[in-house]
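> Take this structure, written in structure tokens, and hold onto it; I'll ask about it next.
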Amino acid sequence: MRGVWLLLALVAAADARRLFVGDQVIRVNVQSKEQLQLLQALEAQQDRELDFWLHPVSTELPVDIRVPRLRVGSVKEHLSAHSVPYSVIIHDLQDLLDEEKAEMVENQMKERSTRSFNFGAYHSLETIYSWMDTLVAQHPKLVTKQEIGRSYENRPMYVLKFSTGGDKRPAIWMDTGIHSREWVSQATGLWTANKIASDYGTDASLTSLLDTMDIYMLLLANPDGYAYTHSNNRMWRKTRSKNQGSVCRGVDPNRNWDAGFGGPGASGNPCSDSYRGASAHSEVEVKNVVDLVRSHGNFKAFISVHAYSQLLMYPYGYTCKNVMHQPELDSVGRAAVQKLTSLHGTSYKVGSICNIIYQASGGSIDWSYNLGIKYSFAFELRDTGRYGFILPANQIIPTASETWLGLKHIMEHVRDHPY
């Protein structure tokens, strides 16, 4: 392990990686509307450089804030002065990031020496793309890799298509990693893709599904952002596009869809982590998916996987009014969560985005639902805040395997309820 740490030190010295030494993540369990307003005002103060992991939207939900080292004292004083109770859930973010990086380096060395792939580890974009080729080579009659376009920085965007034949059959869409720092999302996508390929022919239910339907999986929905979380800033969420008239880069790709675009819960400030972009589908990463889904024309489910909070949500986000299929979507979601919980006891909440977390405009599953894809769902995976976006790699496989039970229930329902 000593050799790993030495290698890490050399790597850190050679790159431009942003450090988070002394940064803390503070949790506030909001107790009143006054406290909520105080936190909302704090979020609006760009000069404090606070990174809200969970936003101040309701007295029912906790607020998690990454506070830069130089702001820790003043933020704590501000909260205490207004009698807002808080707890520190991460005392030094860099300590967790150093552990994460050391595990990745150690895993890379193991994978090279054993010529294997560890699904219980985090991987770089290049390694993920290489693994896709391996999966296709292992299952050539079931899996193909298709480039659906290029990212802003000209990286290929690959979809894995699971199909037993036929053209534009009824299909299920699944994407992971639209917010680049949510690494357990992409890792869950990898495990799930391997599970689908491995279980076809032995799992009767999955086999019957793939005998009549196709599954499309976009494992890296935001490839530039994901690469940037490895090279420069582990906490990066957005795309990497340049914004005209601003030094701040990137757009929140889950505020960029043509569904209530520009409404509440999306920022018009290019420096915000929830910046919506100049116009709907301005981000090529979003437009590539829009073009594929539209041209295909026969998707029956659209599932987007995020982290964290342990939620299974359905539309809408841009309005709190119920969608026409709300009773069925809620029922399917609750049954899926029951299956998910049965494995490790992980508890999930179910509901529409607007009612279960907050109003958020320009989201992908609102767009897909409005396009006519009834079974549109979004997962927020583990955890509920102990580690937040830095979920330890030893939780990847437990997360992915429990999520699979929920996903599989949704897919079976879609198969059994054609429309």
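In the structure tokens, the first chain shown is A, the next is B, and so on; residue numbers restart at 1 for each chain, and ligands run from 1 in the order shown.
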Which residues are close to Arg255 (chain A), i.e. within 9 Å by only C-alpha atoms, leaving aside same-chain residues fewer than 5 positions away? Reply as an MDAnalysis selection string.
chainID A and resid 261:262 265:267 274:277 280 360:364
> Pick out each residue of region 297-336 of chain A that DSSP on the backbone tags as helix (DSSP H, G or I); I need them as a ChimeraX atom specification.
/A:326-336
> Which residues, written as a count of residues only, have at least one atom at most 12 Å from Ser87 (chain A), with only C-alpha atoms counted and residues fewer than 4 positions away on the same chain left out?
17
> Do a neighbour search on Lys161 (chain A) at 10 Å with only C-alpha atoms, toss out local chain neighbours closer than 3 positions, and write the hits as a list in words.
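In the requested format, the answer is Val136, Leu142, Val143, Thr144, Lys145, Gln146, Tyr158, Thr164, Ala171, Ile172, Trp173, Ala193, Asp214, Ile215, Tyr216, Met217 and Leu218 of chain A.
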> Put those residues in a file: C-alpha atoms, as a CSV table (one decimal), in the first residue's frame.

chain,number,residue,atom,x,y,z
A,136,VAL,CA,-19.5,-7.0,-27.0
A,142,LEU,CA,-26.8,-9.9,-27.9
A,143,VAL,CA,-24.8,-6.8,-27.4
A,144,THR,CA,-23.7,-4.1,-29.8
A,145,LYS,CA,-21.9,-0.7,-29.2
A,146,GLN,CA,-23.3,2.2,-31.1
A,158,TYR,CA,-21.6,5.1,-26.8
A,164,THR,CA,-32.0,-10.5,-30.1
A,171,ALA,CA,-37.3,-0.6,-26.3
A,172,ILE,CA,-36.2,0.5,-22.8
A,173,TRP,CA,-33.8,3.4,-22.4
A,193,ALA,CA,-25.0,-4.1,-18.3
A,214,ASP,CA,-34.5,-4.1,-26.8
A,215,ILE,CA,-32.6,-2.4,-24.0
A,216,TYR,CA,-30.4,0.7,-24.7
A,217,MET,CA,-27.9,1.7,-22.1
A,218,LEU,CA,-25.9,5.0,-22.1
> Based on the backbone DSSP call, show me all residues of region 71-219 of chain A assigned strand (DSSP E or B), as a PyMOL selection string.
chain A and resi 87-90+143-150+156-162+171-176+214-218
> Got a sec: who's within 9 Å of region 316-321 of chain A, counting only C-alpha atoms, leaving out chain neighbours fewer than 6 positions off, as a list in words?
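So the residues in contact are Ala259, Gly260, Phe261, Gly263, Pro264, Gly265, Ser352, Ile353, Cys354, Asn355, Ile357, Tyr358, Gln359, Ala360, Ser361, Gly362, Gly363, Ile365, Asp366 and Tyr369 of chain A.
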> With a cut-off of 12 Å, could you pull out the residues of region 173-230 of chain A touching region 94-116 of chain A and give me the nearest pair of atoms for each, distance in Å to one decimal, using only C-alpha atoms, ordered by chain and ascending number, as CSV?

residue,atom,partner,partner_atom,distance
A:Trp183,CA,A:Glu100,CA,11.2
A:Thr229,CA,A:Leu97,CA,11.2
A:His230,CA,A:Lys101,CA,9.2
> For a quick check of understanding, using only C-alpha atoms, which of A:Ala121, A:Leu219, A:Cys248, A:Val289 has the smallest distance to Ile397 (chain A)?
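The answer is A:Ala121, which sits nearest to Ile397 (chain A).
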> By how many Å are CA of Gly22 (chain A) and CA of Leu93 (chain A) apart?
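About the pair CA of Gly22 (chain A) and CA of Leu93 (chain A): they are 6.7 Å apart.
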> With only C-alpha atoms as the atoms that count, which of A:Glu182, A:Asp92, A:Asp167, A:Glu153 lies nearest to Tyr122 (chain A)?
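Under the stated criterion, the closest residue is A:Glu182.
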> Could you jot down the CA of Trp236 (chain A) to CA of Asp273 (chain A) separation for me, Å, one decimal place?
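Spanning CA of Trp236 (chain A) to CA of Asp273 (chain A) is a straight-line distance of 8.5 Å.
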> Name the residues in contact with Ile196 (chain A) at a cut-off of 10 Å, using only C-alpha atoms, excluding same-chain residues fewer than 2 positions from it; report them as number ranges by chain.
A: 142-143, 162, 191-194, 198-201, 203, 206-207, 210, 215, 404, 408
> Suppose you want the space between CA of Leu312 (chain A) and CA of Tyr348 (chain A); what is it in Å?
6.9 Å
> Nearest residue to His417 (chain A) out of A:Ser130, A:Lys374, A:Val290, A:Phe379, using only C-alpha atoms?
A:Lys374
> Residues within 8 Å of Ala221 (chain A), please, as a list in words. Count only C-alpha atoms; anything in the same chain fewer than 4 positions from it doesn't count.
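Result of the neighbour search: Met157, Asp175, Thr176, Gly177, Ile178 and Glu285 of chain A.
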